[in-house]
$ cat my_file_16.cif   # mmCIF, C-alpha atoms
data_protein
loop_
_atom_site.label_atom_id
_atom_site.label_comp_id
_atom_site.auth_asym_id
_atom_site.auth_seq_id
_atom_site.Cartn_x
_atom_site.Cartn_y
_atom_site.Cartn_z
CA MET A 1 154.14 0.72 85.96
CA ARG A 2 155.62 -2.76 85.63
CA THR A 3 152.56 -4.94 85.05
CA ALA A 4 149.13 -4.46 83.53
CA ALA A 5 146.12 -6.51 82.50
CA VAL A 6 143.98 -5.79 79.44
CA ILE A 7 140.52 -7.33 79.38
CA GLY A 8 139.23 -7.27 75.82
CA THR A 9 141.49 -7.69 72.81
CA GLY A 10 139.70 -5.66 70.16
CA LEU A 11 141.24 -2.72 68.35
CA ILE A 12 141.60 -0.44 71.38
CA GLY A 13 142.50 -3.07 73.96
CA THR A 14 145.16 -4.64 71.77
CA SER A 15 146.55 -1.22 70.85
CA VAL A 16 146.85 -0.34 74.55
CA ALA A 17 148.61 -3.66 75.17
CA LEU A 18 151.01 -3.13 72.25
CA ALA A 19 151.81 0.39 73.46
CA LEU A 20 152.56 -0.87 76.97
CA THR A 21 154.68 -3.83 75.89
CA ARG A 22 156.65 -1.46 73.66
CA ARG A 23 157.52 0.48 76.82
CA GLY A 24 158.62 -2.63 78.72
CA VAL A 25 155.43 -3.27 80.72
CA THR A 26 154.47 -6.93 81.25
CA VAL A 27 150.91 -7.25 79.96
CA TYR A 28 148.42 -10.06 80.65
CA LEU A 29 145.57 -10.47 78.17
CA SER A 30 142.10 -11.92 78.54
CA ASP A 31 139.06 -12.14 76.29
CA ARG A 32 136.02 -14.40 75.95
CA ASP A 33 136.79 -14.53 72.22
CA GLU A 34 139.61 -17.09 72.03
CA SER A 35 140.40 -16.22 68.42
CA ALA A 36 140.86 -12.51 69.18
CA LEU A 37 142.90 -13.38 72.26
CA ARG A 38 145.26 -15.66 70.34
CA THR A 39 145.59 -13.10 67.56
CA ALA A 40 146.50 -10.31 70.00
CA ALA A 41 149.06 -12.55 71.70
CA SER A 42 150.60 -13.52 68.36
CA LEU A 43 151.07 -9.82 67.60
CA GLY A 44 153.16 -9.47 70.73
CA ALA A 45 150.51 -7.67 72.77
CA GLY A 46 151.00 -9.78 75.90
CA ASP A 47 150.70 -13.05 77.76
CA VAL A 48 147.47 -15.06 77.90
CA SER A 49 148.25 -16.66 81.25
CA GLU A 50 146.87 -15.50 84.60
CA PRO A 51 149.10 -12.95 86.35
CA PRO A 52 150.92 -14.48 89.35
CA ALA A 53 150.09 -11.45 91.52
CA PRO A 54 147.84 -8.39 91.32
CA VAL A 55 148.97 -6.15 88.46
CA ASP A 56 149.54 -2.42 88.78
CA LEU A 57 146.62 -1.50 86.50
CA ALA A 58 143.78 -3.33 84.78
CA VAL A 59 142.35 -1.83 81.59
CA VAL A 60 138.80 -2.92 80.80
CA ALA A 61 138.39 -2.70 77.02
CA VAL A 62 134.86 -4.02 76.50
CA PRO A 63 131.69 -2.38 75.09
CA PRO A 64 130.05 0.24 77.37
CA ALA A 65 127.15 -2.03 78.36
CA HIS A 66 129.55 -4.61 79.82
CA VAL A 67 132.02 -2.35 81.62
CA ALA A 68 130.31 -2.46 85.02
CA THR A 69 129.91 -6.25 85.21
CA VAL A 70 133.48 -6.87 84.08
CA LEU A 71 134.81 -4.31 86.55
CA ALA A 72 132.87 -5.89 89.40
CA ASP A 73 134.21 -9.32 88.46
CA VAL A 74 137.89 -8.36 88.17
CA GLN A 75 137.76 -6.31 91.38
CA ARG A 76 136.21 -9.25 93.21
CA ARG A 77 139.08 -11.41 91.95
CA GLY A 78 141.66 -8.83 93.08
CA LEU A 79 143.19 -8.63 89.62
CA ALA A 80 144.83 -5.21 90.06
CA SER A 81 145.66 -2.36 92.39
CA ALA A 82 143.82 0.12 90.16
CA TYR A 83 141.28 -0.10 87.34
CA THR A 84 140.21 1.95 84.34
CA ASP A 85 138.18 1.43 81.18
CA VAL A 86 138.37 2.76 77.64
CA ALA A 87 134.66 2.88 76.74
CA SER A 88 133.58 5.75 74.50
CA VAL A 89 130.71 6.62 76.85
CA LYS A 90 131.31 7.45 80.50
CA ALA A 91 128.22 8.44 82.53
CA GLY A 92 126.27 5.21 81.97
CA PRO A 93 129.13 2.80 82.78
CA GLN A 94 130.15 4.94 85.75
CA ASN A 95 126.64 4.87 87.22
CA ALA A 96 126.28 1.16 86.50
CA ALA A 97 129.64 0.45 88.16
CA ALA A 98 128.47 2.18 91.33
CA ALA A 99 125.25 0.14 91.24
CA HIS A 100 127.30 -3.07 90.93
CA GLY A 101 129.27 -2.18 94.03
CA VAL A 102 132.52 -1.36 92.21
CA ASP A 103 135.06 0.23 94.54
CA GLN A 104 135.14 3.83 93.30
CA LYS A 105 138.44 4.58 95.02
CA THR A 106 140.36 2.19 92.77
CA TYR A 107 138.43 2.87 89.54
CA ILE A 108 138.59 5.79 87.14
CA GLY A 109 136.78 6.10 83.82
CA GLY A 110 138.82 6.73 80.70
CA HIS A 111 138.37 7.21 76.96
CA PRO A 112 141.19 7.45 74.40
CA LEU A 113 139.90 9.46 71.45
CA SER A 114 141.54 7.48 68.73
CA GLY A 115 140.55 4.61 66.49
CA ARG A 116 140.43 3.16 63.02
CA GLU A 117 137.76 1.82 60.69
CA THR A 118 139.37 -1.63 60.99
CA ALA A 119 137.94 -3.46 63.99
CA GLY A 120 139.61 -6.26 65.96
CA PRO A 121 143.19 -6.95 67.02
CA LEU A 122 144.53 -7.08 63.46
CA GLY A 123 143.86 -3.34 63.16
CA ALA A 124 145.75 -2.56 66.37
CA ARG A 125 148.82 -0.34 66.44
CA ALA A 126 151.22 0.57 69.22
CA ASP A 127 151.22 4.20 68.06
CA LEU A 128 147.44 4.52 67.77
CA PHE A 129 147.26 6.99 70.67
CA ASP A 130 150.34 9.10 69.92
CA GLY A 131 149.45 12.76 70.45
CA ARG A 132 145.74 11.97 70.83
CA PRO A 133 143.50 13.18 73.70
CA TRP A 134 142.71 10.63 76.41
CA VAL A 135 139.86 11.69 78.67
CA LEU A 136 139.73 10.76 82.35
CA THR A 137 136.52 11.17 84.35
CA PRO A 138 137.45 11.01 88.04
CA THR A 139 134.84 11.40 90.76
CA ALA A 140 135.11 12.75 94.29
CA GLU A 141 135.84 9.17 95.42
CA THR A 142 138.67 8.47 92.98
CA GLY A 143 141.89 7.72 94.86
CA ARG A 144 145.08 9.64 94.14
CA ASP A 145 147.00 6.43 93.40
CA THR A 146 144.33 5.40 90.90
CA LEU A 147 144.50 8.76 89.13
CA ASN A 148 148.29 8.56 89.00
CA ARG A 149 148.18 5.05 87.51
CA ALA A 150 145.79 6.22 84.81
CA LEU A 151 147.99 9.23 84.03
CA GLU A 152 150.99 6.91 83.78
CA LEU A 153 149.06 4.69 81.36
CA ILE A 154 148.28 7.69 79.17
CA SER A 155 151.91 8.78 79.21
CA LEU A 156 153.15 5.31 78.28
CA CYS A 157 150.69 5.23 75.38
CA GLY A 158 151.91 8.61 74.12
CA ALA A 159 148.53 10.31 74.58
CA VAL A 160 147.53 13.64 76.12
CA PRO A 161 145.39 13.55 79.31
CA VAL A 162 142.17 15.58 79.50
CA VAL A 163 140.07 15.60 82.68
CA MET A 164 136.30 16.00 82.24
CA ASP A 165 133.02 15.40 83.99
CA ALA A 166 131.41 12.19 82.72
CA ALA A 167 128.20 13.85 81.51
CA ASP A 168 130.12 16.67 79.81
CA HIS A 169 132.27 14.06 78.10
CA ASP A 170 129.25 12.21 76.75
CA HIS A 171 127.72 15.38 75.31
CA ALA A 172 131.06 16.27 73.72
CA VAL A 173 131.61 12.89 72.05
CA ALA A 174 128.02 12.89 70.82
CA LEU A 175 128.92 16.06 68.92
CA ILE A 176 132.43 15.25 67.69
CA SER A 177 132.34 11.46 67.26
CA HIS A 178 129.04 9.62 67.56
CA THR A 179 126.81 11.89 65.49
CA PRO A 180 129.39 12.25 62.69
CA HIS A 181 129.40 8.46 62.41
CA VAL A 182 125.61 8.38 61.99
CA VAL A 183 125.74 11.20 59.44
CA SER A 184 128.53 9.43 57.53
CA ALA A 185 126.52 6.21 57.51
CA ILE A 186 123.41 7.99 56.25
CA MET A 187 125.39 9.61 53.44
CA ALA A 188 127.06 6.32 52.53
CA ALA A 189 123.67 4.60 52.48
CA ARG A 190 122.70 6.87 49.58
CA LEU A 191 125.39 5.08 47.55
CA GLU A 192 124.08 1.57 48.18
CA HIS A 193 121.92 1.56 45.06
CA ALA A 194 123.78 4.25 43.11
CA SER A 195 124.43 3.60 39.43
CA GLU A 196 127.74 2.13 38.39
CA ASP A 197 128.59 5.38 36.62
CA ALA A 198 128.02 7.40 39.79
CA ALA A 199 130.11 5.01 41.89
CA ARG A 200 132.93 4.96 39.33
CA ILE A 201 133.41 8.74 39.38
CA ALA A 202 133.29 9.04 43.18
CA GLY A 203 136.13 11.31 44.29
CA PRO A 204 137.87 12.41 47.49
CA GLY A 205 134.93 14.50 48.69
CA VAL A 206 132.54 11.60 49.08
CA ARG A 207 135.38 9.39 50.34
CA ASP A 208 136.14 11.90 53.10
CA VAL A 209 132.49 12.16 54.14
CA THR A 210 131.86 8.40 54.14
CA ARG A 211 135.22 7.07 55.42
CA ILE A 212 134.08 6.38 58.99
CA ALA A 213 130.90 4.68 57.77
CA ALA A 214 133.07 1.58 57.26
CA GLY A 215 133.06 0.96 61.03
CA ASP A 216 131.65 -2.26 62.53
CA PRO A 217 127.82 -1.86 62.68
CA GLN A 218 127.38 -4.06 65.77
CA LEU A 219 130.04 -2.17 67.71
CA TRP A 220 128.59 1.18 66.72
CA GLN A 221 125.09 0.06 67.64
CA GLU A 222 126.39 -0.60 71.15
CA ILE A 223 128.17 2.76 71.32
CA LEU A 224 125.15 4.69 70.06
CA SER A 225 122.81 2.83 72.41
CA ALA A 226 124.97 3.83 75.37
CA ASN A 227 124.82 7.52 74.39
CA ALA A 228 121.46 7.58 72.63
CA THR A 229 119.93 10.71 74.19
CA ALA A 230 122.94 12.94 73.61
CA VAL A 231 123.30 11.75 70.00
CA ALA A 232 119.58 12.23 69.34
CA ASP A 233 119.83 15.81 70.66
CA VAL A 234 122.65 16.65 68.24
CA LEU A 235 120.86 14.92 65.36
CA GLU A 236 117.74 17.00 66.01
CA GLU A 237 119.79 20.17 65.57
CA TYR A 238 121.42 18.67 62.48
CA ALA A 239 117.99 17.78 61.08
CA ALA A 240 116.80 21.36 61.55
CA ASP A 241 119.76 22.66 59.54
CA LEU A 242 119.24 19.95 56.93
CA ASN A 243 115.58 20.88 56.52
CA ALA A 244 116.55 24.54 56.20
CA ALA A 245 119.04 23.60 53.48
CA VAL A 246 116.38 21.58 51.63
CA ASP A 247 113.95 24.50 51.78
CA ALA A 248 116.62 26.89 50.56
CA LEU A 249 117.57 24.66 47.64
CA ARG A 250 113.91 24.37 46.66
CA GLY A 251 113.67 28.12 46.97
CA LEU A 252 116.40 28.63 44.40
CA THR A 253 114.03 27.30 41.74
CA ALA A 254 111.14 29.57 42.79
CA GLN A 255 109.76 32.05 40.30
CA ASP A 256 109.74 34.83 42.90
CA ALA A 257 113.03 36.77 42.91
CA ASP A 258 112.71 37.64 46.59
CA LYS A 259 112.36 33.96 47.50
CA GLN A 260 115.44 33.13 45.44
CA ALA A 261 117.43 35.86 47.19
CA ALA A 262 116.32 34.64 50.63
CA ALA A 263 117.25 31.07 49.68
CA ARG A 264 120.74 32.17 48.60
CA GLU A 265 121.22 34.05 51.88
CA THR A 266 120.19 30.97 53.87
CA LEU A 267 122.64 28.75 52.01
CA VAL A 268 125.52 31.20 52.32
CA ALA A 269 124.85 31.61 56.05
CA LEU A 270 124.86 27.83 56.54
CA LEU A 271 128.07 27.40 54.55
CA ARG A 272 129.74 30.19 56.52
CA ARG A 273 128.73 28.51 59.78
CA GLY A 274 130.34 25.38 58.39
CA ASN A 275 133.54 27.32 57.69
CA ALA A 276 133.55 28.67 61.24
CA GLY A 277 132.97 25.29 62.82
CA GLN A 278 135.54 23.51 60.69
CA SER A 279 138.18 26.08 61.59
CA ARG A 280 137.82 25.16 65.27
CA ILE A 281 139.01 21.59 64.72
CA PRO A 282 142.56 21.30 66.10
CA GLY A 283 145.43 20.78 63.72
CA LYS A 284 148.39 18.42 63.84
CA HIS A 285 149.14 17.04 67.33
CA GLY A 286 146.21 19.02 68.76
CA SER A 287 147.87 22.36 68.00
CA PRO A 288 145.99 25.34 66.54
CA ARG A 289 145.13 24.86 62.88
CA ALA A 290 147.84 25.97 60.50
CA VAL A 291 147.44 27.10 56.89
CA TYR A 292 149.37 24.85 54.50
CA ALA A 293 150.15 25.16 50.83
CA THR A 294 149.31 22.31 48.46
CA VAL A 295 151.64 20.71 45.93
CA PRO A 296 149.66 18.36 43.60
CA VAL A 297 151.89 15.71 41.99
CA VAL A 298 150.86 13.27 39.26
CA ILE A 299 152.02 9.75 40.11
CA SER A 300 151.83 6.47 38.23
CA ASP A 301 149.97 3.59 39.88
CA ALA A 302 153.02 1.35 40.18
CA PRO A 303 154.85 -0.29 43.09
CA GLY A 304 157.38 1.96 44.78
CA GLU A 305 156.26 5.23 43.17
CA LEU A 306 154.81 6.72 46.36
CA ALA A 307 157.96 5.83 48.29
CA ARG A 308 160.07 7.41 45.53
CA LEU A 309 158.03 10.60 45.74
CA PHE A 310 158.34 10.79 49.52
CA ALA A 311 162.08 10.21 49.22
CA ALA A 312 162.32 13.10 46.76
CA VAL A 313 160.43 15.37 49.15
CA GLY A 314 162.71 14.29 51.99
CA ALA A 315 165.79 14.96 49.88
CA ALA A 316 164.43 18.48 49.31
CA GLY A 317 164.38 18.97 53.09
CA VAL A 318 160.63 19.50 53.21
CA ASN A 319 158.27 18.04 55.83
CA ILE A 320 154.94 16.69 54.59
CA GLU A 321 152.24 17.96 56.96
CA ASP A 322 149.44 15.97 55.34
CA VAL A 323 148.81 14.00 52.18
CA ARG A 324 145.84 12.99 50.05
CA ILE A 325 145.85 10.39 47.29
CA GLU A 326 143.26 10.45 44.51
CA HIS A 327 143.12 7.78 41.83
CA SER A 328 142.01 8.66 38.32
CA PRO A 329 139.05 6.46 37.25
CA GLY A 330 140.13 4.00 34.58
CA GLN A 331 143.65 5.45 34.39
CA PRO A 332 146.99 4.02 35.63
CA VAL A 333 147.82 7.31 37.36
CA GLY A 334 146.73 9.21 40.41
CA LEU A 335 147.15 12.60 42.03
CA VAL A 336 149.05 12.95 45.31
CA THR A 337 148.30 16.27 46.99
CA LEU A 338 151.07 17.18 49.44
CA GLN A 339 150.39 19.76 52.13
CA VAL A 340 153.50 21.62 53.20
CA ALA A 341 154.49 24.86 54.90
CA PRO A 342 153.68 27.81 52.59
CA GLU A 343 157.32 28.84 52.28
CA SER A 344 158.25 25.31 51.15
CA ALA A 345 155.76 24.99 48.29
CA GLU A 346 157.63 26.89 45.59
CA PRO A 347 161.09 25.38 46.17
CA LEU A 348 159.58 21.90 46.50
CA THR A 349 157.71 22.34 43.21
CA ALA A 350 160.93 23.39 41.49
CA ARG A 351 162.92 20.50 42.97
CA LEU A 352 160.32 17.88 42.02
CA THR A 353 160.02 19.29 38.50
CA GLU A 354 163.81 19.09 38.12
CA ARG A 355 163.62 15.41 39.08
CA GLY A 356 161.03 14.63 36.43
CA TRP A 357 157.85 14.75 38.47
CA THR A 358 154.74 16.38 36.99
CA VAL A 359 153.48 19.02 39.39
CA GLN A 360 150.09 20.51 38.54
CA SER A 361 149.77 24.27 38.66
#

$ encode --input "my_file_16.cif" --output "structure tokens"
Amino acid sequence: MRTAAVIGTGLIGTSVALALTRRGVTVYLSDRDESALRTAASLGAGDVSEPPAPVDLAVVAVPPAHVATVLADVQRRGLASAYTDVASVKAGPQNAAAAHGVDQKTYIGGHPLSGRETAGPLGARADLFDGRPWVLTPTAETGRDTLNRALELISLCGAVPVVMDAADHDHAVALISHTPHVVSAIMAARLEHASEDAARIAGPGVRDVTRIAAGDPQLWQEILSANATAVADVLEEYAADLNAAVDALRGLTAQDADKQAAARETLVALLRRGNAGQSRIPGKHGSPRAVYATVPVVISDAPGELARLFAAVGAAGVNIEDVRIEHSPGQPVGLVTLQVAPESAEPLTARLTERGWTVQS
């Protein structure tokens, strides 16, 4: 692929453009939002001029409700030899595209499963898709050249292709992406009027649960609207479990011993189901989940301390598989929890202790 066009310079569109330009592809950008367009161009994502000839691939990076109309327009203009989109919902845009007369031979639906809480081009990164799944939803009419262009795009962006049926995709993302966002937002909403004391002692647990609630409400309204039925179905099942948990918790305060025992059994069963489901989430780079050891290190809240810690770990020849940072309320220190291979934990602890770091037991 030598040339590409990206229509829509939000987080995903700009990240696609940055990934392609990094690999030497000439990218042409367009967006109705002149500010976003200029910002993306200033980041080195591409050129804002019209391409002198049809590009190899056009990537439509607009909200799901607008995919079909944009596709029809750019196809009518002959912008590219092949077309794809990056909307997080596939069946609706695919059906709407057919209704708008979009040439199905040169179009294939796509969805990179990656993102950030920061919306807009300023949150974009060229490595946003590295190692992440990128779903393609070809139909019986999809041309081989179009499929190959989309696969080349995924390769250039460092992602991993996954081929799915559009309806199956929408049910899957309702479960693993869209519903979690709603649940996170509902949990975060409980904090809106929380006392200052409660907010001040908030720790990593509530941060983990509410992190994705920071997403752009207008964007998420559009995403949820495009996949409303599938999300509602998952939320109904979630609500049934939630009601069962409420009943069980109430049952723990019952005077009847049998009711208390039944309530405990219900809670344990629910928590075990949670363990089982969480264990099915893939690990690093999509590989099977690995068991890591934790090395908790006390760190001062000062410039350069985190870099100094990472340098010490690197000098010990240990790879950090994951990291969590927790700040101590009202204190100039924090706790950095390093996740490393089990066999590395003990020697790393000894090496860090030798170098003056405080490692919690």

$ resolve_selection --input "my_file_16.cif" --expression "the PyMOL selection byres ((chain A and resi 302) around 12)" --output "JSON, numbers by chain"
{"A": [299, 300, 301, 303, 304, 305, 306, 307, 308, 309, 327, 331, 332, 333, 334]}

$ resolve_selection --input "my_file_16.cif" --expression "the PyMOL selection byres ((chain A and resi 348) around 9)" --output "list in words"
Val295, Val313, Ala316, Gly317, Val318, Ser344, Ala345, Glu346, Pro347, Thr349, Ala350, Arg351, Leu352 and Thr353 of chain A

$ resolve_selection --input "my_file_16.cif" --expression "the PyMOL selection byres ((chain A and resi 40) around 9)" --output "MDAnalysis selection string"
chainID A and resid 9:10 14 17:18 29 35:39 41:46 120:122 124

$ write_last_selection --input "my_file_16.cif" --atoms "C-alpha atoms" --output "PDB file, in the coordinates of the input"
ATOM      1  CA  THR A   9     141.490  -7.690  72.810  1.00  0.00           C
ATOM      2  CA  GLY A  10     139.700  -5.660  70.160  1.00  0.00           C
ATOM      3  CA  THR A  14     145.160  -4.640  71.770  1.00  0.00           C
ATOM      4  CA  ALA A  17     148.610  -3.660  75.170  1.00  0.00           C
ATOM      5  CA  LEU A  18     151.010  -3.130  72.250  1.00  0.00           C
ATOM      6  CA  LEU A  29     145.570 -10.470  78.170  1.00  0.00           C
ATOM      7  CA  SER A  35     140.400 -16.220  68.420  1.00  0.00           C
ATOM      8  CA  ALA A  36     140.860 -12.510  69.180  1.00  0.00           C
ATOM      9  CA  LEU A  37     142.900 -13.380  72.260  1.00  0.00           C
ATOM     10  CA  ARG A  38     145.260 -15.660  70.340  1.00  0.00           C
ATOM     11  CA  THR A  39     145.590 -13.100  67.560  1.00  0.00           C
ATOM     12  CA  ALA A  41     149.060 -12.550  71.700  1.00  0.00           C
ATOM     13  CA  SER A  42     150.600 -13.520  68.360  1.00  0.00           C
ATOM     14  CA  LEU A  43     151.070  -9.820  67.600  1.00  0.00           C
ATOM     15  CA  GLY A  44     153.160  -9.470  70.730  1.00  0.00           C
ATOM     16  CA  ALA A  45     150.510  -7.670  72.770  1.00  0.00           C
ATOM     17  CA  GLY A  46     151.000  -9.780  75.900  1.00  0.00           C
ATOM     18  CA  GLY A 120     139.610  -6.260  65.960  1.00  0.00           C
ATOM     19  CA  PRO A 121     143.190  -6.950  67.020  1.00  0.00           C
ATOM     20  CA  LEU A 122     144.530  -7.080  63.460  1.00  0.00           C
ATOM     21  CA  ALA A 124     145.750  -2.560  66.370  1.00  0.00           C
TER      22      ALA A 124
END

$ atom_distance --input "my_file_16.cif" --atom1 "atom CA of A:Ala96" --atom2 "atom CA of A:Ala68"
5.6 Å

$ atom_distance --input "my_file_16.cif" --atom1 "atom CA of A:Arg273" --atom2 "atom CA of A:Glu236"
17.1 Å

$ residues_near_point --input "my_file_16.cif" --point "(128.8, 5.6, 72.8)" --cutoff "8 Å" --atoms "all atoms listed in the file" --output "list in words"
Pro64, Ala87, Ser88, Val89, Asp170, Val173, Ala174, His178, Trp220, Glu222, Ile223, Leu224, Ser225, Ala226, Asn227 and Ala228 of chain A

$ residues_near_point --input "my_file_16.cif" --point "(145.8, 11.9, 82.6)" --cutoff "9 Å" --atoms "all atoms listed in the file" --output "PyMOL selection string"
chain A and resi 110+134-136+147-155+159-163

$ residues_around --input "my_file_16.cif" --residues "A:Thr266" --least-positions-apart "3" --cutoff "9 Å" --atoms "all atoms listed in the file" --output "PyMOL selection string"
chain A and resi 244-245+248+261-263+269-271

$ write_last_selection --input "my_file_16.cif" --atoms "C-alpha atoms" --output "short mmCIF file (atom, residue, chain, number, x, y, z; two decimals), in the coordinates of the input"
data_model
loop_
_atom_site.label_atom_id
_atom_site.label_comp_id
_atom_site.auth_asym_id
_atom_site.auth_seq_id
_atom_site.Cartn_x
_atom_site.Cartn_y
_atom_site.Cartn_z
CA ALA A 244 116.55 24.54 56.20
CA ALA A 245 119.04 23.60 53.48
CA ALA A 248 116.62 26.89 50.56
CA ALA A 261 117.43 35.86 47.19
CA ALA A 262 116.32 34.64 50.63
CA ALA A 263 117.25 31.07 49.68
CA ALA A 269 124.85 31.61 56.05
CA LEU A 270 124.86 27.83 56.54
CA LEU A 271 128.07 27.40 54.55
#

$ residues_around --input "my_file_16.cif" --residues "A:Ala119" --least-positions-apart "2" --cutoff "10 Å" --atoms "only C-alpha atoms" --output "list in words"
Gly10, Leu11, Ile12, Gly115, Arg116, Glu117, Pro121, Leu122, Gly123, Ala124, Ala214, Gly215, Asp216 and Leu219 of chain A
